[in-house]
>>> print(open('protein.tsv').read())   # TSV, C-alpha atoms
chain	number	residue	atom	x	y	z
A	1	GLU	CA	-123.43	-82.36	135.32
A	2	PRO	CA	-120.73	-84.58	133.84
A	3	GLU	CA	-117.50	-82.88	132.98
A	4	PRO	CA	-116.99	-82.18	129.28
A	5	LEU	CA	-114.90	-84.78	127.54
A	6	GLU	CA	-111.43	-83.83	126.47
A	7	PRO	CA	-110.84	-84.65	122.80
A	8	TRP	CA	-108.26	-87.43	122.55
A	9	LEU	CA	-107.18	-86.49	119.04
A	10	VAL	CA	-106.86	-82.88	118.00
A	11	GLU	CA	-105.84	-82.03	114.45
A	12	GLU	CA	-103.57	-79.06	114.15
A	13	PRO	CA	-104.80	-76.28	111.87
A	14	ARG	CA	-103.36	-76.62	108.38
A	15	PRO	CA	-101.78	-73.63	106.64
A	16	ASP	CA	-103.43	-72.47	103.41
A	17	PRO	CA	-101.92	-74.75	100.71
A	18	THR	CA	-102.30	-71.99	98.12
A	19	ALA	CA	-100.56	-69.24	100.12
A	20	LEU	CA	-97.32	-68.85	98.18
A	21	PRO	CA	-94.41	-69.26	98.63
A	22	ILE	CA	-94.46	-72.77	100.12
A	23	THR	CA	-91.20	-74.61	100.79
A	24	LEU	CA	-91.53	-78.31	99.92
A	25	PHE	CA	-87.94	-79.34	100.65
A	26	ASP	CA	-85.20	-77.45	102.45
A	27	ASP	CA	-83.37	-79.72	104.87
A	28	ALA	CA	-86.35	-82.11	104.89
A	29	PHE	CA	-89.70	-82.57	103.14
A	30	ILE	CA	-92.61	-80.48	104.35
A	31	ASN	CA	-94.56	-82.36	107.06
A	32	ASN	CA	-92.24	-85.31	106.38
A	33	ASP	CA	-94.57	-86.13	103.47
A	34	GLY	CA	-92.01	-86.90	100.78
A	35	TRP	CA	-91.45	-90.39	99.40
A	36	GLY	CA	-89.16	-92.16	96.93
A	37	LEU	CA	-85.98	-91.74	98.97
A	38	VAL	CA	-84.83	-95.29	98.32
A	39	THR	CA	-81.83	-97.13	96.94
A	40	ASP	CA	-82.65	-100.10	94.71
A	41	ALA	CA	-81.85	-101.45	91.26
A	42	CYS	CA	-83.68	-98.56	89.57
A	43	GLN	CA	-82.98	-95.43	91.60
A	44	ALA	CA	-80.85	-94.10	94.41
A	45	VAL	CA	-82.39	-90.96	95.87
A	46	GLN	CA	-81.03	-89.95	99.25
A	47	PRO	CA	-80.36	-86.86	101.38
A	48	THR	CA	-76.81	-85.57	101.08
A	49	GLN	CA	-74.76	-83.09	103.07
A	50	GLU	CA	-71.83	-83.07	100.64
A	51	SER	CA	-73.11	-80.21	98.51
A	52	THR	CA	-76.08	-77.96	99.20
A	53	SER	CA	-77.32	-74.72	97.71
A	54	MET	CA	-78.60	-73.62	101.11
A	55	GLY	CA	-79.03	-75.18	104.54
A	56	ASP	CA	-77.47	-78.49	105.54
A	57	THR	CA	-79.15	-81.06	103.28
A	58	ALA	CA	-79.90	-81.53	99.58
A	59	LEU	CA	-81.28	-84.48	97.59
A	60	SER	CA	-78.98	-86.65	95.49
A	61	PHE	CA	-80.67	-88.37	92.53
A	62	GLU	CA	-79.15	-91.24	90.53
A	63	TRP	CA	-81.27	-93.52	88.36
A	64	ASP	CA	-81.27	-96.02	85.52
A	65	ILE	CA	-84.62	-97.49	84.53
A	66	SER	CA	-83.35	-99.23	81.41
A	67	GLY	CA	-83.38	-102.66	83.08
A	68	GLU	CA	-86.30	-105.04	82.62
A	69	ALA	CA	-87.16	-104.82	86.31
A	70	CYS	CA	-87.52	-101.03	86.20
A	71	TYR	CA	-90.63	-99.46	84.70
A	72	GLU	CA	-90.25	-96.04	86.26
A	73	GLY	CA	-88.42	-94.08	88.92
A	74	MET	CA	-90.36	-91.62	91.04
A	75	VAL	CA	-90.12	-89.15	93.92
A	76	GLY	CA	-93.10	-87.23	95.26
A	77	VAL	CA	-94.27	-84.87	97.98
A	78	SER	CA	-97.62	-83.65	99.28
A	79	TRP	CA	-97.66	-80.14	100.71
A	80	ASP	CA	-101.02	-80.40	102.54
A	81	LYS	CA	-100.77	-83.67	104.49
A	82	TRP	CA	-102.32	-85.61	101.58
A	83	TYR	CA	-105.53	-83.60	101.51
A	84	PRO	CA	-106.74	-82.74	97.98
A	85	ILE	CA	-105.58	-79.26	96.97
A	86	ASP	CA	-107.50	-76.91	94.68
A	87	VAL	CA	-104.84	-74.82	92.89
A	88	THR	CA	-107.14	-73.24	90.32
A	89	SER	CA	-107.04	-69.88	92.09
A	90	ILE	CA	-103.23	-69.70	91.76
A	91	SER	CA	-102.56	-71.69	88.58
A	92	GLU	CA	-102.12	-68.66	86.34
A	93	ASN	CA	-99.11	-67.32	88.24
A	94	ALA	CA	-97.92	-70.24	90.39
A	95	GLY	CA	-94.67	-72.03	89.59
A	96	ILE	CA	-92.35	-74.80	90.73
A	97	GLN	CA	-88.86	-73.66	91.65
A	98	PHE	CA	-85.75	-75.49	92.85
A	99	ASP	CA	-81.97	-75.36	92.70
A	100	VAL	CA	-80.20	-78.03	90.67
A	101	ARG	CA	-76.71	-79.03	89.63
A	102	LEU	CA	-75.09	-81.98	87.87
A	103	PRO	CA	-72.45	-84.16	89.54
A	104	GLU	CA	-70.39	-83.80	86.36
A	105	GLY	CA	-70.58	-82.51	82.82
A	106	THR	CA	-73.19	-80.29	81.18
A	107	ALA	CA	-76.59	-80.85	79.57
A	108	THR	CA	-79.33	-78.83	77.94
A	109	GLN	CA	-81.93	-81.31	79.20
A	110	ILE	CA	-82.22	-83.85	82.02
A	111	PRO	CA	-84.42	-86.96	81.51
A	112	VAL	CA	-86.78	-86.05	84.33
A	113	ARG	CA	-90.40	-84.96	84.17
A	114	ILE	CA	-91.72	-82.54	86.77
A	115	ALA	CA	-95.42	-83.14	87.37
A	116	LEU	CA	-98.50	-82.31	89.37
A	117	GLU	CA	-100.61	-85.44	89.98
A	118	ASP	CA	-104.28	-85.50	90.98
A	119	TYR	CA	-106.19	-88.13	92.94
A	120	GLY	CA	-107.27	-89.77	89.67
A	121	ARG	CA	-103.57	-90.48	88.92
A	122	ARG	CA	-103.64	-88.01	86.02
A	123	THR	CA	-100.66	-85.72	85.63
A	124	SER	CA	-99.69	-82.39	84.14
A	125	GLN	CA	-95.97	-82.49	83.48
A	126	ILE	CA	-92.97	-81.08	81.66
A	127	ILE	CA	-89.49	-82.35	80.83
A	128	LEU	CA	-86.68	-80.69	82.79
A	129	ASP	CA	-85.29	-78.54	80.01
A	130	GLY	CA	-82.64	-75.83	79.93
A	131	ARG	CA	-85.19	-73.22	78.89
A	132	PHE	CA	-86.30	-73.12	82.53
A	133	LEU	CA	-82.81	-71.91	83.51
A	134	GLU	CA	-81.46	-68.41	82.96
A	135	SER	CA	-78.30	-69.86	81.37
A	136	GLY	CA	-80.07	-72.54	79.30
A	137	THR	CA	-77.52	-75.23	80.29
A	138	PHE	CA	-77.27	-77.49	83.34
A	139	THR	CA	-73.77	-77.60	84.82
A	140	THR	CA	-71.96	-78.61	88.00
A	141	GLU	CA	-72.77	-75.17	89.45
A	142	TRP	CA	-75.98	-74.53	91.35
A	143	GLN	CA	-78.65	-72.87	89.22
A	144	THR	CA	-82.33	-72.12	89.81
A	145	VAL	CA	-85.08	-73.77	87.76
A	146	THR	CA	-88.44	-72.00	87.53
A	147	ILE	CA	-91.35	-73.86	85.88
A	148	PRO	CA	-94.69	-72.02	85.68
A	149	PHE	CA	-97.77	-74.18	86.16
A	150	SER	CA	-98.87	-72.82	82.78
A	151	SER	CA	-95.98	-74.71	81.13
A	152	LEU	CA	-97.21	-78.09	82.36
A	153	ARG	CA	-98.92	-80.37	79.83
A	154	GLY	CA	-101.26	-83.30	80.30
A	155	GLY	CA	-99.82	-86.79	80.09
A	156	GLY	CA	-99.95	-90.19	81.70
A	157	ARG	CA	-97.54	-92.22	83.79
A	158	GLU	CA	-97.03	-94.50	80.79
A	159	LEU	CA	-94.73	-91.83	79.35
A	160	ALA	CA	-92.17	-92.85	81.96
A	161	SER	CA	-90.57	-95.26	79.49
A	162	ALA	CA	-90.53	-92.76	76.61
A	163	PRO	CA	-87.23	-91.02	75.80
A	164	ALA	CA	-87.08	-87.41	76.95
A	165	THR	CA	-86.01	-86.09	73.56
A	166	VAL	CA	-87.92	-82.83	73.36
A	167	GLY	CA	-88.20	-79.77	75.55
A	168	ASN	CA	-91.97	-80.03	75.82
A	169	LEU	CA	-94.72	-82.63	75.78
A	170	PRO	CA	-97.81	-82.62	73.55
A	171	GLU	CA	-101.10	-81.33	74.89
A	172	PHE	CA	-103.19	-84.26	76.16
A	173	SER	CA	-106.82	-83.99	77.21
A	174	ASP	CA	-106.23	-86.01	80.37
A	175	GLY	CA	-104.09	-83.58	82.32
A	176	ALA	CA	-104.33	-83.28	86.09
A	177	ASP	CA	-107.49	-81.87	87.63
A	178	PHE	CA	-106.19	-78.69	89.27
A	179	ARG	CA	-109.16	-78.80	91.68
A	180	ASN	CA	-107.95	-82.11	93.12
A	181	ILE	CA	-104.14	-82.11	93.27
A	182	LYS	CA	-102.44	-84.81	95.32
A	183	GLN	CA	-98.72	-84.14	95.00
A	184	LEU	CA	-95.72	-82.80	93.13
A	185	MET	CA	-93.69	-85.55	91.43
A	186	PHE	CA	-90.35	-86.17	89.75
A	187	PHE	CA	-90.57	-88.93	87.11
A	188	LEU	CA	-87.09	-90.28	86.41
A	189	ASP	CA	-86.67	-91.44	82.79
A	190	GLU	CA	-83.83	-93.27	81.02
A	191	SER	CA	-80.76	-92.74	83.25
A	192	GLY	CA	-79.07	-89.78	84.87
A	193	ALA	CA	-77.95	-87.98	87.98
A	194	MET	CA	-78.55	-84.59	89.59
A	195	ILE	CA	-78.62	-82.86	92.97
A	196	VAL	CA	-81.69	-80.85	93.98
A	197	ASP	CA	-82.23	-78.39	96.83
A	198	ASN	CA	-84.57	-75.62	97.97
A	199	LEU	CA	-87.73	-77.02	96.32
A	200	LYS	CA	-90.69	-74.68	96.61
A	201	LEU	CA	-93.87	-73.34	95.03
A	202	ILE	CA	-93.72	-69.65	94.20
A	203	ASP	CA	-95.70	-66.78	92.71
A	204	THR	CA	-94.02	-66.21	89.35
A	205	ALA	CA	-95.53	-62.74	89.13
A	206	SER	CA	-92.75	-61.65	91.48
A	207	VAL	CA	-90.01	-63.50	89.54
A	208	ASP	CA	-88.55	-62.71	86.14
A	209	VAL	CA	-89.34	-65.84	84.13
A	210	GLY	CA	-89.59	-63.95	80.84
A	211	PRO	CA	-91.63	-65.60	78.10
A	212	LEU	CA	-92.23	-68.71	80.21
A	213	ARG	CA	-94.78	-66.94	82.39
A	214	ARG	CA	-97.63	-67.16	79.89
A	215	ARG	CA	-96.44	-70.12	77.82
>>> encode(input="protein.tsv", output="structure tokens")
Amino acid sequence: EPEPLEPWLVEEPRPDPTALPITLFDDAFINNDGWGLVTDACQAVQPTQESTSMGDTALSFEWDISGEACYEGMVGVSWDKWYPIDVTSISENAGIQFDVRLPEGTATQIPVRIALEDYGRRTSQIILDGRFLESGTFTTEWQTVTIPFSSLRGGGRELASAPATVGNLPEFSDGADFRNIKQLMFFLDESGAMIVDNLKLIDTASVDVGPLRRR
């Protein structure tokens, strides 16, 4: 009998993409599946070792999309090797959490939208607002942002050019399909700067997020 063939390509088993917590960025992106770390006329997003909340590396964001050549700035990451993810079983209590600080000054809002995008390019998103911080104000000190999935609202990529003037977005009917999620995204609006570290998905049932949990 012929000897059995050895498979030439073996796919490693993938962890459950709904088993929280899941770290998306610590010193590097999960599975090296982050993108948008570029420096061009619109955005400069790069790893930095100058200031971290934990570990050796954080992400430095600087952007200005006001120029005619810049429609939008973006950073994204898949946490399941670009396979579609069904998050419906965890959406009630799941949340996005990361540490953030400003290079200078203070702000009650940063012109960034945090979003989940599906494979139809639809998004559920929210503006990075101080209500997701315990203190309510972004400063040069590290603080932890916690955004429940339940706070995300439907909206399209075309909102990238709209001013981030409110702490929430209206409810659109074309939000992301939570059965078919592709990635977590940062949409960079207007202009700004921030440093981000320790990006993860968490179970908010074990975290005190107050009235945000069911909002």
>>> closest_residue(input="protein.tsv", among="A:Thr18, A:Thr137, A:Gln183, A:Asn198", to="Ile114 (chain A)", atoms="all atoms listed in the file")
A:Gln183
>>> residues_around(input="protein.tsv", residues="region 48-54 of chain A", least_positions_apart="6", cutoff="9 Å", atoms="all atoms listed in the file", output="list in words")
Asp26, Asp27, Ser60, Asp99, Val100, Trp142, Gln143, Ile195, Val196, Asp197 and Asn198 of chain A
>>> residues_around(input="protein.tsv", residues="region 86-93 of chain A", least_positions_apart="6", cutoff="7 Å", atoms="only C-alpha atoms", output="MDAnalysis selection string")
chainID A and resid 18 148:150 178:181 203:205
>>> closest_residue(input="protein.tsv", among="A:Gly34, A:Pro17, A:Pro103, A:Gly67", to="Pro84 (chain A)", atoms="only C-alpha atoms")
A:Pro17
>>> closest_residue(input="protein.tsv", among="A:Val75, A:Ile147, A:Leu116, A:Leu9", to="Leu133 (chain A)", atoms="all atoms listed in the file")
A:Ile147
>>> atom_distance(input="protein.tsv", atom1="CA of Glu141 (chain A)", atom2="CA of Leu37 (chain A)")
23.2 Å
>>> residues_around(input="protein.tsv", residues="Ser124 (chain A)", least_positions_apart="6", cutoff="8 Å", atoms="only C-alpha atoms", output="VMD selection string")
chain A and resid 115 to 117 152 to 155 175 to 176
>>> closest_residue(input="protein.tsv", among="A:Glu1, A:Arg101, A:Met185, A:Ile22", to="Gln125 (chain A)", atoms="all atoms listed in the file")
A:Met185
>>> closest_residue(input="protein.tsv", among="A:Met194, A:Val45, A:Leu184, A:Val77", to="Asn31 (chain A)", atoms="all atoms listed in the file")
A:Val77
>>> atom_distance(input="protein.tsv", atom1="CA of Val112 (chain A)", atom2="CA of Asn32 (chain A)")
22.7 Å
>>> atom_distance(input="protein.tsv", atom1="CA of Ala193 (chain A)", atom2="CA of Thr57 (chain A)")
16.8 Å
